[in-house]
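Below is one structure; the comments refer to it alone.
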Amino acid sequence: MSTADSRFRPVSSRQNALVKDLRRAFSHGETTDDGFCAVEGLRIIEEAVRSGLRFKALFVSESAKDRAEKLLPQIAAQVEVILLADDIFASAVTTETPQGVAALVKLKSPTFAEILQNPDPLILGAAGVQDPGNLGTMIRSAEAFGAIAVLAAEKTVNPLNPKVMRSTAGSIFRLPVFKLPWHEALTAMRARGLRIVATSSHKGVPIDEADLRGPLAIYVGSEGAGVPKDILSAADQTIVIPHSPRVESLNAGIAASLILYEAARQRKY
């Protein structure tokens with residue numbers, strides 16, 4: 001038996017405790033009782049390794065065993081490596097064509113109060129963004145352009161949704177994402193002296209004329225509904241991305257990326 005083979009522990013029951021944890025975490029988009037979330041796919045698991053996340057278990061389908069072997073040297077020796085029949089693996093994940101590799105990992109979890117101690121915080125807020133791909137793009141762009149956190153307000157898709165996790169391309173492993181009610185987040189940010197900026201599709205200060213420096217939170221809403229009224233009413237400024245009138249609005253992922261780029265340019269990130 002090779003060293004790699006010795007790490008695989010065959011499990012034949014769908015009722016195995018770890019398999020049930022994986023299935024529950026995927027189906028509900030939540031963490032396990034001990035704080036681990038589910039990820040699926042070779043690339044995203046490699047990102048979790050590179051990001052220094054703690055693994056509880058690695059799950060491999062029979063058909064993906066050869067592909068998964070290259071992961072094993074990167075996974076700590078105490079981490080269980082569970083080998084599952086293809087049908088059992090498929091029953092535990094949510095993708096229609098699973099890659100055959102999944103894991104339970106623990107995200108880094110600073111508190112929002114700790115994040116706000118940053119000397120010049122830039123925070124991206126997602127307000128009612130329901131498309132997983134859009135939220136994933138927002139998280140990825142937030143990391144790329146120097147934001148220190150993303151806030152998911154009410155009616156925003158769960159950041160632990162598997163589609164969100166995949167579309168962040170690993171950024172969610174390195175950038176804190178908080179699911180916080182708007183008024184709770186507002187109270188904490190005001191106490192820290194952050195200005196609140198909200199986006200609009202049609203009216204406001206053009207982003208290249210707005211001052212996006214200093215402690216700041218930028219809220220972007222869904223393409224259809226925009227930023228909710230309670231956030232708009234509390235915002236210090238409304239900003240707009242000038243674009244052709246033939247286009248009704250930009251989707252949330254693109255809008256957030258453009259605004260974050262302008263904020264980074266002004267801050268010389």
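Identifiers in the structure tokens: chain A, B, ... in order shown; residue index from 1 per chain; ligand index from 1 in order shown.
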
Residues of region 147-198 of chain A that have any atom at most 9 Å from an atom of region 232-256 of chain A: could you tabulate them with the shortest-distance atom pair and the distance in Å to one decimal, using only C-alpha atoms, ordered by chain and increasing number, as a tab-separated table?
```
residue	atom	partner	partner_atom	distance
A:Leu186	CA	A:Ala234	CA	8.6
A:Arg195	CA	A:Asp236	CA	6.2
A:Ile196	CA	A:Ala235	CA	4.9
A:Val197	CA	A:Gln237	CA	5.0
A:Ala198	CA	A:Thr238	CA	4.9
```

Can those selected residues be exported to a file as a compact mmCIF listing (two decimals), in the first residue's frame so that it contains N, CA, C and O atoms?
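Saved as selection.txt:
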```
# COMPACT_ATOMS: atom_id res chain seq x y z
N LEU A 186 -24.48 49.68 11.16
CA LEU A 186 -24.44 51.15 11.13
C LEU A 186 -23.97 51.71 12.47
O LEU A 186 -23.12 52.62 12.51
N ARG A 195 -17.81 57.08 7.15
CA ARG A 195 -18.85 57.65 6.30
C ARG A 195 -19.53 56.51 5.55
O ARG A 195 -18.91 55.50 5.23
N ILE A 196 -20.80 56.70 5.26
CA ILE A 196 -21.58 55.69 4.54
C ILE A 196 -21.92 56.25 3.17
O ILE A 196 -22.48 57.35 3.04
N VAL A 197 -21.58 55.50 2.13
CA VAL A 197 -21.87 55.88 0.75
C VAL A 197 -22.77 54.80 0.15
O VAL A 197 -22.51 53.61 0.33
N ALA A 198 -23.81 55.21 -0.53
CA ALA A 198 -24.72 54.26 -1.17
C ALA A 198 -24.74 54.52 -2.67
O ALA A 198 -24.60 55.67 -3.12
```

*asked:* Which residues are near Ile82 (chain A)? Cut-off 6 Å, only C-alpha atoms, ignore same chain within fewer than 6 positions. Put them as number ranges by chain.
replied: A: 8-10, 59

*Step one, run DSSP on the backbone; step two, keep only residues of region 49-269 of chain A assigned to helix (DSSP H, G or I); then write them as number ranges by chain.*
A: 49-50, 62-74, 86-92, 112-115, 132-144, 162-167, 171-173, 182-192, 229-234, 252-267

Can you write just those residues out, C-alpha atoms, as a short mmCIF file (atom, residue, chain, number, x, y, z; two decimals), in the first residue's frame?
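Below you can see out_26.cif, which holds the result:
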```cif
data_model
loop_
_atom_site.label_atom_id
_atom_site.label_comp_id
_atom_site.auth_asym_id
_atom_site.auth_seq_id
_atom_site.Cartn_x
_atom_site.Cartn_y
_atom_site.Cartn_z
CA VAL A 49 -4.75 25.25 1.75
CA ARG A 50 -2.81 28.28 0.47
CA GLU A 62 -13.75 6.82 -5.82
CA SER A 63 -13.53 8.24 -9.34
CA ALA A 64 -11.52 11.28 -8.18
CA LYS A 65 -9.03 9.38 -6.03
CA ASP A 66 -6.11 9.78 -8.46
CA ARG A 67 -6.74 13.52 -8.88
CA ALA A 68 -7.03 14.04 -5.15
CA GLU A 69 -3.75 12.35 -4.28
CA LYS A 70 -1.75 15.48 -5.10
CA LEU A 71 -3.65 17.31 -2.36
CA LEU A 72 -2.62 14.89 0.38
CA PRO A 73 0.92 16.25 1.01
CA GLN A 74 -0.66 19.68 1.55
CA ASP A 86 -19.45 8.16 -6.19
CA ASP A 87 -23.16 8.00 -5.40
CA ILE A 88 -22.62 8.73 -1.70
CA PHE A 89 -20.33 11.64 -2.52
CA ALA A 90 -22.89 13.04 -4.98
CA SER A 91 -25.61 12.81 -2.32
CA ALA A 92 -23.63 15.07 0.01
CA PHE A 112 -16.37 43.13 13.30
CA ALA A 113 -15.12 45.28 16.18
CA GLU A 114 -11.57 44.02 15.55
CA ILE A 115 -11.85 44.77 11.84
CA PRO A 132 -24.59 34.15 -5.72
CA GLY A 133 -22.30 35.00 -8.63
CA ASN A 134 -22.69 38.72 -8.01
CA LEU A 135 -21.91 38.43 -4.31
CA GLY A 136 -18.92 36.21 -5.08
CA THR A 137 -17.61 38.80 -7.56
CA MET A 138 -18.09 41.54 -4.97
CA ILE A 139 -16.07 39.61 -2.38
CA ARG A 140 -13.32 38.89 -4.91
CA SER A 141 -13.13 42.54 -6.02
CA ALA A 142 -13.19 43.72 -2.42
CA GLU A 143 -10.03 41.76 -1.74
CA ALA A 144 -8.43 42.88 -5.00
CA PRO A 162 -21.64 26.98 -2.26
CA LYS A 163 -22.05 29.03 -5.45
CA VAL A 164 -20.90 32.16 -3.62
CA MET A 165 -17.92 30.32 -2.17
CA ARG A 166 -16.82 29.04 -5.59
CA SER A 167 -17.24 32.38 -7.34
CA SER A 171 -11.10 35.47 -1.57
CA ILE A 172 -13.65 34.47 1.09
CA PHE A 173 -10.85 32.50 2.80
CA TRP A 182 -27.97 46.92 8.75
CA HIS A 183 -28.71 48.84 11.96
CA GLU A 184 -26.20 46.82 13.98
CA ALA A 185 -23.51 47.46 11.36
CA LEU A 186 -24.44 51.15 11.13
CA THR A 187 -24.12 51.67 14.88
CA ALA A 188 -20.67 50.09 14.96
CA MET A 189 -19.45 52.00 11.89
CA ARG A 190 -20.74 55.36 13.13
CA ALA A 191 -18.99 54.81 16.45
CA ARG A 192 -15.75 54.31 14.50
CA LYS A 229 -34.48 53.02 1.54
CA ASP A 230 -33.28 52.69 5.14
CA ILE A 231 -29.66 52.56 3.97
CA LEU A 232 -30.16 55.38 1.49
CA SER A 233 -31.69 57.59 4.16
CA ALA A 234 -28.74 57.04 6.50
CA ALA A 252 -24.07 44.48 -8.56
CA GLY A 253 -20.79 42.67 -9.17
CA ILE A 254 -19.71 45.04 -11.94
CA ALA A 255 -20.90 48.15 -10.08
CA ALA A 256 -19.03 47.19 -6.93
CA SER A 257 -15.87 46.41 -8.88
CA LEU A 258 -15.86 49.79 -10.63
CA ILE A 259 -16.47 51.72 -7.41
CA LEU A 260 -13.84 49.77 -5.49
CA TYR A 261 -11.34 50.42 -8.26
CA GLU A 262 -12.02 54.16 -8.04
CA ALA A 263 -11.70 54.03 -4.24
CA ALA A 264 -8.37 52.18 -4.56
CA ARG A 265 -7.14 54.72 -7.13
CA GLN A 266 -7.93 57.60 -4.80
CA ARG A 267 -6.32 55.81 -1.87
#
```

*Mind pulling up the distance from CA of Val79 (chain A) to CA of Asp34 (chain A)?*
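Separation of CA of Asp34 (chain A) and CA of Val79 (chain A): 15.1 Å.
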
*Of the candidates A:Arg7, A:Lys179, A:Arg23, A:Lys108, which one gets nearest to Asn158 (chain A) if we count only C-alpha atoms?*
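Selected residue with least distance to Asn158 (chain A): A:Lys179.
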
*Which polymer residues have any atom within 10 Å of an atom of Ala152 (chain A), counting only C-alpha atoms, with same-chain residues fewer than 4 positions away left out, as JSON, numbers by chain?*
{"A": [124, 125, 126, 127, 128, 129, 135, 156, 157, 158, 159, 177, 178, 179, 180, 181, 182, 185, 219]}
